[in-house]
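Have a look at work29.cif below; it lists mmCIF, C-alpha atoms and all ligand atoms.
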```cif
data_target
loop_
_atom_site.label_atom_id
_atom_site.label_comp_id
_atom_site.auth_asym_id
_atom_site.auth_seq_id
_atom_site.Cartn_x
_atom_site.Cartn_y
_atom_site.Cartn_z
CA MET A 44 -69.96 176.38 -43.98
CA THR A 45 -70.09 175.59 -40.29
CA HIS A 46 -66.33 175.71 -40.10
CA SER A 47 -66.03 179.16 -41.60
CA ARG A 48 -68.39 180.38 -38.92
CA LEU A 49 -66.36 178.83 -36.17
CA TRP A 50 -62.95 179.88 -37.34
CA PRO A 51 -61.66 183.30 -38.35
CA VAL A 52 -61.70 183.79 -42.08
CA ARG A 53 -58.17 183.50 -43.34
CA SER A 54 -56.84 186.08 -45.72
CA VAL A 55 -54.85 183.52 -47.70
CA GLY A 56 -55.78 180.04 -48.84
CA PRO A 57 -57.89 178.51 -51.54
CA ASP A 58 -60.56 180.67 -53.07
CA ARG A 59 -63.86 179.32 -54.39
CA SER A 60 -62.28 177.98 -57.53
CA GLY A 61 -60.05 175.78 -55.41
CA GLN A 62 -56.97 177.68 -56.51
CA ASP A 63 -54.84 179.62 -54.11
CA PRO A 64 -53.92 182.86 -55.86
CA THR A 65 -51.27 183.65 -53.28
CA ALA A 66 -49.52 180.29 -53.44
CA PRO A 67 -46.01 180.60 -54.79
CA ARG A 68 -45.08 178.38 -57.70
CA HIS A 69 -41.90 176.48 -57.01
CA ASP A 70 -39.97 175.15 -59.94
CA SER A 71 -38.51 172.58 -57.58
CA VAL A 72 -41.92 171.01 -57.04
CA THR A 73 -42.55 168.00 -59.25
CA ALA A 74 -46.13 167.82 -60.40
CA THR A 75 -47.49 164.29 -60.22
CA ASP A 76 -48.44 162.94 -63.62
CA PHE A 77 -51.81 161.54 -62.56
CA ASP A 78 -52.77 160.65 -66.13
CA ALA A 79 -49.68 158.48 -66.46
CA ILE A 80 -50.69 156.57 -63.31
CA PHE A 81 -54.25 156.10 -64.55
CA SER A 82 -53.29 154.95 -68.02
CA ALA A 83 -50.53 152.57 -66.90
CA GLN A 84 -52.94 150.70 -64.64
CA ILE A 85 -55.69 150.61 -67.24
CA ARG A 86 -53.18 149.35 -69.81
CA ALA A 87 -52.22 146.52 -67.44
CA LEU A 88 -55.89 145.54 -67.14
CA LYS A 89 -56.23 145.53 -70.93
CA ASP A 90 -53.08 143.44 -71.34
CA ASP A 91 -54.55 140.84 -68.99
CA GLY A 92 -57.85 140.80 -70.85
CA ASN A 93 -59.64 142.09 -67.75
CA TYR A 94 -60.65 145.54 -68.96
CA ARG A 95 -64.40 145.91 -68.68
CA ILE A 96 -66.55 147.10 -71.53
CA PHE A 97 -70.16 147.82 -70.66
CA ALA A 98 -72.95 146.67 -72.92
CA ASP A 99 -75.15 149.65 -73.78
CA LEU A 100 -78.62 148.12 -73.52
CA GLU A 101 -82.27 149.03 -73.49
CA ARG A 102 -84.15 146.36 -71.59
CA LEU A 103 -87.55 146.88 -73.13
CA ARG A 104 -90.52 145.82 -71.04
CA THR A 105 -92.57 144.82 -74.04
CA ARG A 106 -89.91 142.42 -75.29
CA ARG A 107 -88.43 140.83 -72.19
CA PRO A 108 -86.04 139.01 -71.84
CA MET A 109 -84.79 140.85 -74.94
CA ALA A 110 -83.00 144.15 -75.18
CA SER A 111 -81.82 146.55 -77.84
CA SER A 112 -78.05 146.64 -77.80
CA HIS A 113 -76.35 149.84 -78.92
CA GLY A 114 -73.03 149.03 -80.56
CA PRO A 115 -70.57 150.76 -82.89
CA ASP A 116 -72.45 149.30 -85.87
CA GLY A 117 -75.86 150.44 -84.72
CA VAL A 118 -78.66 148.84 -82.75
CA SER A 119 -79.30 145.11 -82.61
CA ASP A 120 -81.54 142.73 -80.68
CA VAL A 121 -80.11 140.51 -77.97
CA THR A 122 -81.60 138.05 -75.52
CA ILE A 123 -80.27 138.75 -72.03
CA TRP A 124 -78.84 135.64 -70.39
CA CYS A 125 -76.95 137.11 -67.46
CA SER A 126 -79.40 139.29 -65.58
CA ASN A 127 -79.70 139.22 -61.80
CA ASP A 128 -83.34 140.22 -62.24
CA TYR A 129 -83.71 136.47 -61.83
CA LEU A 130 -87.49 136.23 -62.06
CA GLY A 131 -88.17 139.19 -64.33
CA MET A 132 -89.87 141.06 -61.50
CA ALA A 133 -88.23 144.38 -62.46
CA GLN A 134 -90.44 144.62 -65.52
CA SER A 135 -93.48 142.75 -64.21
CA GLU A 136 -96.90 144.36 -64.08
CA THR A 137 -97.06 143.70 -60.32
CA VAL A 138 -93.96 145.75 -59.57
CA VAL A 139 -94.29 148.37 -62.27
CA SER A 140 -97.88 149.27 -61.40
CA ALA A 141 -97.06 149.52 -57.67
CA ALA A 142 -94.09 151.76 -58.45
CA ARG A 143 -96.10 153.84 -60.94
CA GLU A 144 -98.86 154.41 -58.39
CA ALA A 145 -96.35 155.47 -55.73
CA LEU A 146 -94.60 157.71 -58.22
CA GLU A 147 -97.86 159.51 -58.99
CA ARG A 148 -98.77 159.74 -55.33
CA TYR A 149 -95.42 160.70 -53.81
CA GLY A 150 -93.15 161.91 -56.61
CA VAL A 151 -89.56 160.82 -57.06
CA GLY A 152 -87.23 161.58 -54.17
CA SER A 153 -87.86 160.49 -50.58
CA GLY A 154 -87.01 163.91 -49.18
CA GLY A 155 -84.20 163.08 -46.82
CA THR A 156 -82.39 160.66 -44.63
CA ARG A 157 -84.53 158.33 -42.55
CA ASN A 158 -84.02 160.62 -39.56
CA ILE A 159 -84.76 163.90 -41.33
CA SER A 160 -88.18 163.58 -42.98
CA GLY A 161 -87.09 160.67 -45.19
CA THR A 162 -89.04 157.91 -43.46
CA ASN A 163 -91.98 157.38 -45.77
CA HIS A 164 -94.80 155.08 -44.81
CA CYS A 165 -93.79 152.61 -47.52
CA HIS A 166 -90.39 152.17 -45.82
CA VAL A 167 -92.14 151.19 -42.62
CA LEU A 168 -94.42 148.75 -44.43
CA LEU A 169 -91.49 147.27 -46.34
CA GLU A 170 -89.47 146.68 -43.16
CA ARG A 171 -92.49 145.02 -41.55
CA GLU A 172 -92.96 142.77 -44.59
CA LEU A 173 -89.28 141.75 -44.67
CA ALA A 174 -89.24 140.97 -40.95
CA GLU A 175 -92.26 138.73 -41.48
CA LEU A 176 -90.72 137.08 -44.54
CA HIS A 177 -87.72 135.97 -42.50
CA GLY A 178 -89.58 135.28 -39.27
CA LYS A 179 -87.58 137.94 -37.42
CA GLU A 180 -88.75 140.67 -35.07
CA ALA A 181 -87.53 143.50 -37.24
CA ALA A 182 -85.83 144.55 -40.46
CA LEU A 183 -83.85 147.56 -41.57
CA ILE A 184 -83.57 148.72 -45.18
CA PHE A 185 -80.52 150.31 -46.80
CA THR A 186 -79.98 151.91 -50.18
CA SER A 187 -78.33 148.74 -51.51
CA GLY A 188 -77.31 145.26 -50.48
CA TYR A 189 -73.71 146.39 -50.69
CA ILE A 190 -74.38 149.15 -48.18
CA ALA A 191 -76.37 146.77 -45.95
CA ASN A 192 -73.39 144.42 -45.69
CA TRP A 193 -70.80 147.15 -45.45
CA SER A 194 -72.65 149.20 -42.85
CA THR A 195 -73.85 146.37 -40.65
CA LEU A 196 -70.56 144.50 -40.47
CA SER A 197 -68.52 147.65 -39.99
CA THR A 198 -70.85 148.80 -37.21
CA LEU A 199 -70.88 145.45 -35.40
CA GLY A 200 -67.13 145.03 -35.78
CA SER A 201 -66.25 148.50 -34.59
CA ARG A 202 -68.76 148.86 -31.74
CA ILE A 203 -68.53 145.45 -30.09
CA PRO A 204 -65.27 145.66 -28.16
CA GLY A 205 -62.75 142.92 -28.92
CA THR A 206 -64.81 141.26 -31.67
CA VAL A 207 -63.31 138.71 -33.99
CA ILE A 208 -65.06 138.30 -37.34
CA LEU A 209 -64.74 134.93 -39.05
CA SER A 210 -65.26 135.42 -42.75
CA ASP A 211 -65.75 132.78 -45.45
CA ALA A 212 -62.93 132.95 -48.02
CA ALA A 213 -65.44 133.42 -50.85
CA ASN A 214 -67.41 136.25 -49.26
CA HIS A 215 -68.64 139.15 -51.39
CA ALA A 216 -66.59 142.36 -51.63
CA SER A 217 -69.22 144.29 -49.63
CA MET A 218 -68.71 142.05 -46.60
CA ILE A 219 -64.93 142.07 -46.94
CA GLN A 220 -64.85 145.87 -47.11
CA GLY A 221 -67.25 146.25 -44.19
CA ILE A 222 -65.16 143.94 -42.03
CA ARG A 223 -61.95 145.69 -43.04
CA HIS A 224 -63.43 149.09 -42.30
CA SER A 225 -64.60 147.96 -38.85
CA GLY A 226 -61.00 147.51 -37.75
CA ALA A 227 -62.02 144.32 -35.92
CA ALA A 228 -59.76 141.28 -35.87
CA LYS A 229 -60.54 139.04 -38.84
CA MET A 230 -59.98 135.36 -39.54
CA ILE A 231 -60.72 133.86 -42.93
CA PHE A 232 -61.96 130.27 -42.94
CA ARG A 233 -61.76 128.00 -45.96
CA HIS A 234 -64.79 128.28 -48.20
CA ASN A 235 -67.76 126.29 -46.84
CA ASP A 236 -65.34 124.36 -44.61
CA VAL A 237 -67.05 123.76 -41.26
CA ARG A 238 -64.03 121.99 -39.74
CA ASP A 239 -61.74 124.88 -40.58
CA LEU A 240 -64.29 127.28 -39.09
CA ASP A 241 -64.46 125.18 -35.93
CA LYS A 242 -60.65 125.18 -35.68
CA LYS A 243 -60.40 128.94 -36.20
CA LEU A 244 -63.16 129.64 -33.66
CA ALA A 245 -61.27 127.51 -31.15
CA GLU A 246 -58.15 129.65 -31.75
CA CYS A 247 -60.02 132.84 -30.76
CA PRO A 248 -59.78 134.04 -27.17
CA PRO A 249 -62.71 132.33 -25.43
CA GLU A 250 -64.02 135.60 -24.03
CA ALA A 251 -63.89 137.43 -27.39
CA PRO A 252 -67.25 138.17 -29.07
CA LYS A 253 -67.27 136.28 -32.39
CA ILE A 254 -69.24 136.82 -35.59
CA VAL A 255 -69.37 134.26 -38.40
CA ALA A 256 -70.07 135.97 -41.73
CA PHE A 257 -71.00 133.89 -44.77
CA GLU A 258 -73.38 133.54 -47.72
CA SER A 259 -76.07 130.95 -48.35
CA LEU A 260 -75.68 130.73 -52.13
CA TYR A 261 -72.40 131.84 -53.63
CA SER A 262 -73.16 133.68 -56.81
CA MET A 263 -70.21 132.78 -59.00
CA ASP A 264 -69.97 129.00 -58.46
CA GLY A 265 -73.62 128.54 -57.50
CA ASP A 266 -72.67 126.42 -54.47
CA ILE A 267 -74.53 126.40 -51.17
CA ALA A 268 -73.23 126.75 -47.62
CA PRO A 269 -73.87 124.04 -45.02
CA ILE A 270 -75.91 126.52 -42.98
CA ALA A 271 -77.10 124.11 -40.27
CA GLU A 272 -73.56 122.82 -39.61
CA ILE A 273 -72.19 126.36 -39.53
CA CYS A 274 -74.89 127.28 -36.99
CA ASP A 275 -73.98 124.19 -34.92
CA VAL A 276 -70.33 125.22 -34.77
CA ALA A 277 -71.12 128.89 -34.18
CA GLU A 278 -73.48 128.06 -31.34
CA ARG A 279 -70.93 125.76 -29.76
CA HIS A 280 -68.47 128.68 -29.67
CA GLY A 281 -71.06 131.26 -28.67
CA ALA A 282 -70.69 133.13 -31.97
CA MET A 283 -73.25 135.29 -33.75
CA THR A 284 -74.11 134.32 -37.36
CA TYR A 285 -74.42 136.82 -40.23
CA LEU A 286 -75.83 135.32 -43.42
CA ASP A 287 -75.92 137.00 -46.83
CA GLU A 288 -78.95 135.53 -48.68
CA VAL A 289 -78.78 138.01 -51.55
CA HIS A 290 -78.89 135.31 -54.26
CA ALA A 291 -81.55 133.26 -52.52
CA VAL A 292 -84.27 135.61 -51.31
CA GLY A 293 -87.38 135.43 -53.46
CA LEU A 294 -86.03 132.28 -55.10
CA TYR A 295 -85.81 129.50 -52.52
CA GLY A 296 -87.65 128.34 -49.45
CA PRO A 297 -91.24 128.81 -48.33
CA GLU A 298 -92.57 132.16 -49.60
CA GLY A 299 -89.13 132.83 -51.07
CA ALA A 300 -87.66 133.39 -47.61
CA GLY A 301 -84.30 131.96 -48.68
CA ILE A 302 -82.17 128.90 -48.15
CA ALA A 303 -81.91 129.12 -44.35
CA ALA A 304 -85.71 129.01 -44.28
CA ARG A 305 -85.77 126.11 -46.73
CA GLU A 306 -83.45 124.16 -44.40
CA GLY A 307 -85.53 125.15 -41.40
CA VAL A 308 -82.69 127.02 -39.68
CA ALA A 309 -83.58 130.70 -40.26
CA ASP A 310 -84.35 131.10 -36.55
CA ARG A 311 -80.81 130.02 -35.69
CA VAL A 312 -79.22 132.70 -37.89
CA THR A 313 -78.74 135.94 -35.94
CA ILE A 314 -78.83 138.32 -38.90
CA ILE A 315 -80.12 137.58 -42.40
CA GLU A 316 -79.08 140.05 -45.05
CA GLY A 317 -80.79 140.37 -48.43
CA THR A 318 -81.22 142.57 -51.46
CA LEU A 319 -84.27 144.08 -53.10
CA ALA A 320 -82.34 144.36 -56.37
CA LYS A 321 -82.05 140.78 -57.60
CA ALA A 322 -85.05 138.42 -57.45
CA PHE A 323 -87.21 141.29 -56.13
CA GLY A 324 -86.27 143.36 -59.18
CA CYS A 325 -85.88 146.80 -57.56
CA LEU A 326 -83.11 148.44 -55.55
CA GLY A 327 -82.07 148.41 -51.92
CA GLY A 328 -80.76 146.02 -49.30
CA TYR A 329 -81.78 144.99 -45.81
CA ILE A 330 -81.05 143.06 -42.67
CA ALA A 331 -83.62 141.08 -40.69
CA ALA A 332 -82.84 140.30 -37.06
CA SER A 333 -84.01 140.93 -33.50
CA ARG A 334 -85.58 144.28 -32.72
CA LEU A 335 -82.64 145.21 -30.52
CA CYS A 336 -80.04 144.28 -33.12
CA CYS A 337 -81.81 146.30 -35.85
CA ASP A 338 -82.17 149.21 -33.45
CA PHE A 339 -78.45 149.05 -32.71
CA VAL A 340 -77.49 149.17 -36.40
CA ARG A 341 -80.12 151.85 -37.08
CA SER A 342 -78.65 153.96 -34.31
CA PHE A 343 -74.94 153.66 -35.14
CA ALA A 344 -74.42 152.69 -38.80
CA SER A 345 -73.03 155.64 -40.73
CA GLY A 346 -74.06 154.09 -44.06
CA PHE A 347 -77.64 153.95 -42.82
CA ILE A 348 -77.84 157.31 -41.07
CA PHE A 349 -76.13 159.72 -43.42
CA THR A 350 -77.74 158.97 -46.75
CA THR A 351 -81.11 159.72 -48.33
CA SER A 352 -83.60 156.88 -48.03
CA LEU A 353 -84.88 154.86 -50.98
CA PRO A 354 -87.29 156.63 -53.35
CA PRO A 355 -90.89 155.73 -52.34
CA ALA A 356 -91.63 154.32 -55.79
CA VAL A 357 -88.71 151.91 -55.46
CA ALA A 358 -89.69 150.90 -51.92
CA SER A 359 -93.31 150.41 -53.02
CA GLY A 360 -92.23 148.34 -56.02
CA ALA A 361 -90.08 146.20 -53.73
CA LEU A 362 -92.94 145.78 -51.27
CA ALA A 363 -95.19 144.58 -54.09
CA ALA A 364 -92.49 142.15 -55.28
CA VAL A 365 -91.96 140.67 -51.81
CA ARG A 366 -95.70 140.33 -51.23
CA HIS A 367 -96.24 138.77 -54.65
CA LEU A 368 -93.43 136.24 -54.29
CA ARG A 369 -94.57 135.29 -50.79
CA ALA A 370 -97.98 134.41 -52.17
CA SER A 371 -96.99 132.91 -55.53
CA ASP A 372 -94.81 129.87 -56.25
CA GLU A 373 -95.36 130.01 -59.98
CA GLU A 374 -92.30 132.14 -60.82
CA ARG A 375 -90.03 129.95 -58.68
CA ARG A 376 -91.37 126.75 -60.25
CA ARG A 377 -90.95 127.94 -63.82
CA HIS A 378 -87.51 129.36 -62.95
CA GLN A 379 -86.30 125.96 -61.72
CA ARG A 380 -87.83 124.24 -64.72
CA GLN A 381 -85.95 126.46 -67.20
CA VAL A 382 -82.70 126.09 -65.28
CA ALA A 383 -83.05 122.30 -65.40
CA ARG A 384 -83.80 122.39 -69.13
CA LEU A 385 -80.65 124.41 -69.83
CA ARG A 386 -78.52 122.04 -67.74
CA ARG A 387 -79.90 119.01 -69.61
CA GLY A 388 -79.15 120.69 -72.95
CA LEU A 389 -75.59 121.49 -71.93
CA ASP A 390 -75.11 117.92 -70.69
CA ARG A 391 -76.25 116.56 -74.04
CA ALA A 392 -73.83 118.89 -75.86
CA GLY A 393 -71.00 117.86 -73.52
CA ILE A 394 -70.48 121.39 -72.24
CA PRO A 395 -69.30 121.31 -68.62
CA HIS A 396 -71.14 123.53 -66.14
CA ILE A 397 -71.13 123.99 -62.39
CA GLY A 398 -73.55 125.20 -59.74
CA GLU A 399 -75.77 122.11 -59.96
CA ASP A 400 -77.80 122.91 -56.82
CA SER A 401 -78.69 126.42 -57.89
CA HIS A 402 -80.09 128.61 -60.64
CA ILE A 403 -76.63 129.83 -61.58
CA VAL A 404 -75.25 127.96 -64.57
CA ALA A 405 -71.54 128.71 -64.71
CA VAL A 406 -69.70 127.56 -67.83
CA LEU A 407 -65.98 127.69 -67.15
CA ILE A 408 -63.76 129.00 -69.96
CA LYS A 409 -60.62 129.41 -67.79
CA ASP A 410 -59.07 132.09 -70.00
CA PRO A 411 -59.97 135.79 -69.87
CA VAL A 412 -59.31 136.52 -73.54
CA LYS A 413 -61.21 133.49 -74.83
CA CYS A 414 -64.02 134.25 -72.40
CA ARG A 415 -64.43 137.74 -73.82
CA GLN A 416 -64.16 136.50 -77.40
CA ILE A 417 -66.86 133.89 -76.89
CA SER A 418 -69.10 136.49 -75.28
CA ASP A 419 -68.54 138.84 -78.25
CA ILE A 420 -69.31 136.14 -80.83
CA LEU A 421 -72.44 135.07 -78.95
CA ARG A 422 -73.68 138.64 -79.06
CA ASP A 423 -72.68 139.52 -82.62
CA ASP A 424 -73.51 136.24 -84.37
CA TYR A 425 -76.26 134.73 -82.24
CA GLY A 426 -78.01 137.66 -80.51
CA ILE A 427 -77.13 136.18 -77.10
CA TYR A 428 -75.90 138.48 -74.39
CA VAL A 429 -73.93 136.84 -71.61
CA THR A 430 -71.16 138.86 -70.09
CA PRO A 431 -67.70 137.39 -69.50
CA ILE A 432 -66.90 137.07 -65.79
CA ASN A 433 -63.21 137.72 -65.31
CA TYR A 434 -60.81 138.71 -62.54
CA PRO A 435 -61.27 140.31 -59.99
CA THR A 436 -64.88 139.10 -59.81
CA VAL A 437 -63.55 135.53 -59.91
CA PRO A 438 -59.99 134.21 -59.39
CA LYS A 439 -57.68 134.22 -62.42
CA GLY A 440 -57.89 130.96 -64.36
CA THR A 441 -61.57 130.47 -63.50
CA GLU A 442 -63.00 132.90 -66.06
CA ARG A 443 -66.49 131.91 -67.04
CA LEU A 444 -69.82 132.63 -68.62
CA ARG A 445 -72.37 132.96 -65.83
CA ILE A 446 -75.75 132.11 -67.28
CA THR A 447 -78.95 132.89 -65.40
CA PRO A 448 -82.06 131.46 -67.05
CA SER A 449 -85.30 133.10 -65.97
CA PRO A 450 -88.98 132.14 -66.14
CA LEU A 451 -89.16 134.48 -69.14
CA HIS A 452 -86.78 132.45 -71.31
CA SER A 453 -88.70 130.13 -73.61
CA ASP A 454 -87.72 126.56 -74.44
CA ARG A 455 -86.70 127.84 -77.87
CA ASP A 456 -84.45 130.49 -76.31
CA ILE A 457 -82.73 127.76 -74.31
CA ASP A 458 -82.28 125.46 -77.29
CA HIS A 459 -80.82 128.34 -79.32
CA LEU A 460 -78.33 129.09 -76.53
CA VAL A 461 -77.22 125.46 -76.31
CA ARG A 462 -76.75 125.22 -80.08
CA ALA A 463 -74.74 128.45 -80.15
CA LEU A 464 -72.48 127.35 -77.29
CA SER A 465 -71.98 123.97 -78.88
CA ALA A 466 -70.90 125.53 -82.18
CA LEU A 467 -68.49 127.86 -80.37
CA TRP A 468 -67.11 125.01 -78.31
CA SER A 469 -65.86 123.34 -81.50
CA GLN A 470 -64.72 126.62 -83.03
CA CYS A 471 -62.65 127.58 -79.97
CA ALA A 472 -61.39 124.02 -79.39
CA LEU A 473 -62.61 123.88 -75.81
CA SER A 474 -62.76 120.49 -74.20
CA ARG A 475 -66.08 118.76 -73.72
CA ALA A 476 -67.21 116.87 -70.68
CA VAL A 477 -67.12 113.12 -71.06
CA ALA A 478 -70.71 111.98 -70.99
C1 LIG B 501 -74.98 141.70 -55.44
C2 LIG B 501 -74.50 141.26 -54.10
C3 LIG B 501 -74.56 142.10 -53.00
C4 LIG B 501 -74.93 143.54 -53.13
O1 LIG B 501 -76.27 143.71 -53.36
P1 LIG B 501 -76.76 145.04 -54.12
O2 LIG B 501 -78.16 145.18 -53.69
O3 LIG B 501 -76.58 144.75 -55.58
O4 LIG B 501 -75.88 146.15 -53.68
C5 LIG B 501 -74.25 141.61 -51.76
N1 LIG B 501 -73.85 140.33 -51.59
C6 LIG B 501 -73.72 139.50 -52.65
C7 LIG B 501 -73.28 138.10 -52.42
C8 LIG B 501 -74.02 139.95 -53.93
O5 LIG B 501 -73.85 139.14 -54.98
#
```
Output the structure of this file as structure tokens.
Amino acid sequence: MTHSRLWPVRSVGPDRSGQDPTAPRHDSVTATDFDAIFSAQIRALKDDGNYRIFADLERLRTRRPMASSHGPDGVSDVTIWCSNDYLGMAQSETVVSAAREALERYGVGSGGTRNISGTNHCHVLLERELAELHGKEAALIFTSGYIANWSTLSTLGSRIPGTVILSDAANHASMIQGIRHSGAAKMIFRHNDVRDLDKKLAECPPEAPKIVAFESLYSMDGDIAPIAEICDVAERHGAMTYLDEVHAVGLYGPEGAGIAAREGVADRVTIIEGTLAKAFGCLGGYIAASRLCCDFVRSFASGFIFTTSLPPAVASGALAAVRHLRASDEERRRHQRQVARLRRGLDRAGIPHIGEDSHIVAVLIKDPVKCRQISDILRDDYGIYVTPINYPTVPKGTERLRITPSPLHSDRDIDHLVRALSALWSQCALSRAVA
């Protein structure tokens, strides 16, 4: 629109249908067979067993953690065992009633970007609450955790001249893409390896600004970063720290402030990034940091500026979730109890699992086809829904079932899952752990 005002209207060129009626058709031009490209690559995925099939579910509030599963043979009941709504907050009365009230009061859409009439009062309250949760001066919310990582890292990397970003080898795709997009120099340090980080920091030009980007709890293996040691090394080299606490906020630490807070080092982390979509059960992401740092990202991050803000009902639901989980330990306690019960059951059945220090119970299958088959049998024969995690979410050869027990799973649910896995273990001739 603006361009057609600035430039003379051309008499030839594409019309509104996107076709150029004046363009000559050359027989010498070879039309690209796009469909052939698409189908060849999809076929390769299928051949590797990595083609994704979505479960068509209705997560019914009245029956949580169950859902109706729509399959080719009709509708069946399944218990969900792989949700990132870790505490069941998405369907809780606390969150739903806050969202319902906001929906009635404000309607659905927020009305714009944050700059153009889209800053609703609930956004302001939510940012205040998140800053308090993490003991930081300020917070900034984004439309997702992915966008929070992508936008913040790409803004820091591109606008701080000469920056080097040191990135943990197991970092989430959103951080990797943000760093890549920033165009900043990048060094990858071995996963959770403080000595390798130290060595790589020492290799950077001493005068270069440095950012260490890592996660507190890695969501596929359930392992935890040595945050204090990473801060030690970063401080020694004058580096900023950027910590993704997406899988920890709401779940660990005092008031659910995360693992850095649990270890008493949150004040040493420059930027804490979190999501409102996992333990908080809604949608959206955020960073918490100094007022100046948040103002910087707010002022320059394209992924913050040029998109409509979160719907008020979602922001209000998230605010209620954060407030509730700051005040209540009950969900966290029951969550840990059910996780421990599942691990004990698996131990008794000799089924190996990893992620001991976390709520993520990863059962390695190490074969994409078997992993999918086991997932299918669990759903069809046992009413258990746990999605296979295959490449590229995890490296090839480490395919797994990633089980996330919640406070809503009963002891009977857990026992049923252990029995089903045990039966399948024999059926599929998978090796058992030696007790
Ligand atoms: C899920 C996830 C994100 C993205 O959060 P969303 O709010 O789902 O976009 C970021 N980092 C990690 C480690 C994640 O697992």
Of A:Ile219, A:Ile85, A:Ala320, A:Leu244, the one sitting nearest Gly131 in chain A when using only C-alpha atoms is A:Ala320
Using only C-alpha atoms and all ligand atoms, find each residue of chain A with at least one atom at most 6 Å away from an atom of ligand LIG 501 (chain B); report its shortest atom-to-atom pair and that distance in Å (one decimal), sort the rows by chain and rising residue number, and return the result as JSON lines.
```
{"residue": "A:Ser187", "atom": "CA", "partner": "B:LIG501", "partner_atom": "O4", "distance": 4.2}
{"residue": "A:Gly188", "atom": "CA", "partner": "B:LIG501", "partner_atom": "O2", "distance": 3.3}
{"residue": "A:Tyr189", "atom": "CA", "partner": "B:LIG501", "partner_atom": "O4", "distance": 3.7}
{"residue": "A:His215", "atom": "CA", "partner": "B:LIG501", "partner_atom": "C7", "distance": 4.9}
{"residue": "A:Ser262", "atom": "CA", "partner": "B:LIG501", "partner_atom": "O5", "distance": 5.8}
{"residue": "A:Val289", "atom": "CA", "partner": "B:LIG501", "partner_atom": "C6", "distance": 5.4}
{"residue": "A:Thr318", "atom": "CA", "partner": "B:LIG501", "partner_atom": "O2", "distance": 4.6}
{"residue": "A:Ala320", "atom": "CA", "partner": "B:LIG501", "partner_atom": "O2", "distance": 5.0}
{"residue": "A:Gly327", "atom": "CA", "partner": "B:LIG501", "partner_atom": "O2", "distance": 5.4}
{"residue": "A:Gly328", "atom": "CA", "partner": "B:LIG501", "partner_atom": "O2", "distance": 5.2}
```
Need the neighbours of (-75.7, 150.0, -45.3): which residues are at most 9 Å away, counting all atoms listed in the file, as a PyMOL selection string? chain A and resi 184-196+328-329+344-348
What are the closest atom pairs, with distances in Å to one decimal, for all residues of range 202-287 of chain A lying within 7 Å of range 381-403 of chain A? Consider all atoms listed in the file, order rows by chain and residue number, and present the result as CSV.
```
residue,atom,partner,partner_atom,distance
A:Asp264,CA,A:Gly398,CA,5.4
A:Gly265,CA,A:Gly398,CA,4.0
A:Asp266,CA,A:Gly398,CA,5.5
```
Could you please determine the separation between CA of Gly307 in chain A and CA of Ile270 in chain A in Å, to one decimal place? 9.8 Å
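When only C-alpha atoms are used to compute distances to Leu460 in chain A, the closest of the residues A:Leu407, A:Ala271, A:Ile123, A:Leu319 turns out to be A:Ile123.
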Ala472 in chain A surroundings by all atoms listed in the file, 12 Å radius, close-in-sequence under 4 positions cut, as a PyMOL selection string: chain A and resi 394+408+413+417+464-468
Only C-alpha atoms, please: the residues just picked out, written as a compact mmCIF listing (two decimals), in the coordinates of the input.
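Okay, part-v2.txt is ready:
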```
# COMPACT_ATOMS: atom_id res chain seq x y z
CA ILE A 394 -70.48 121.39 -72.24
CA ILE A 408 -63.76 129.00 -69.96
CA LYS A 413 -61.21 133.49 -74.83
CA ILE A 417 -66.86 133.89 -76.89
CA LEU A 464 -72.48 127.35 -77.29
CA SER A 465 -71.98 123.97 -78.88
CA ALA A 466 -70.90 125.53 -82.18
CA LEU A 467 -68.49 127.86 -80.37
CA TRP A 468 -67.11 125.01 -78.31
```
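Coordinates place CA of Pro204 in chain A at a distance of 19.2 Å from CA of Lys243 in chain A.
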Which of these, A:Ile203, A:Leu294, A:Val121, A:Ile80, has the shortest distance to Ile420 in chain A once you count only C-alpha atoms?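 Among the listed residues, the smallest separation from Ile420 in chain A belongs to A:Val121.
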Record the distance separating CA of Gly281 in chain A and CA of Ala303 in chain A, expressed in Å with one decimal. 19.2 Å
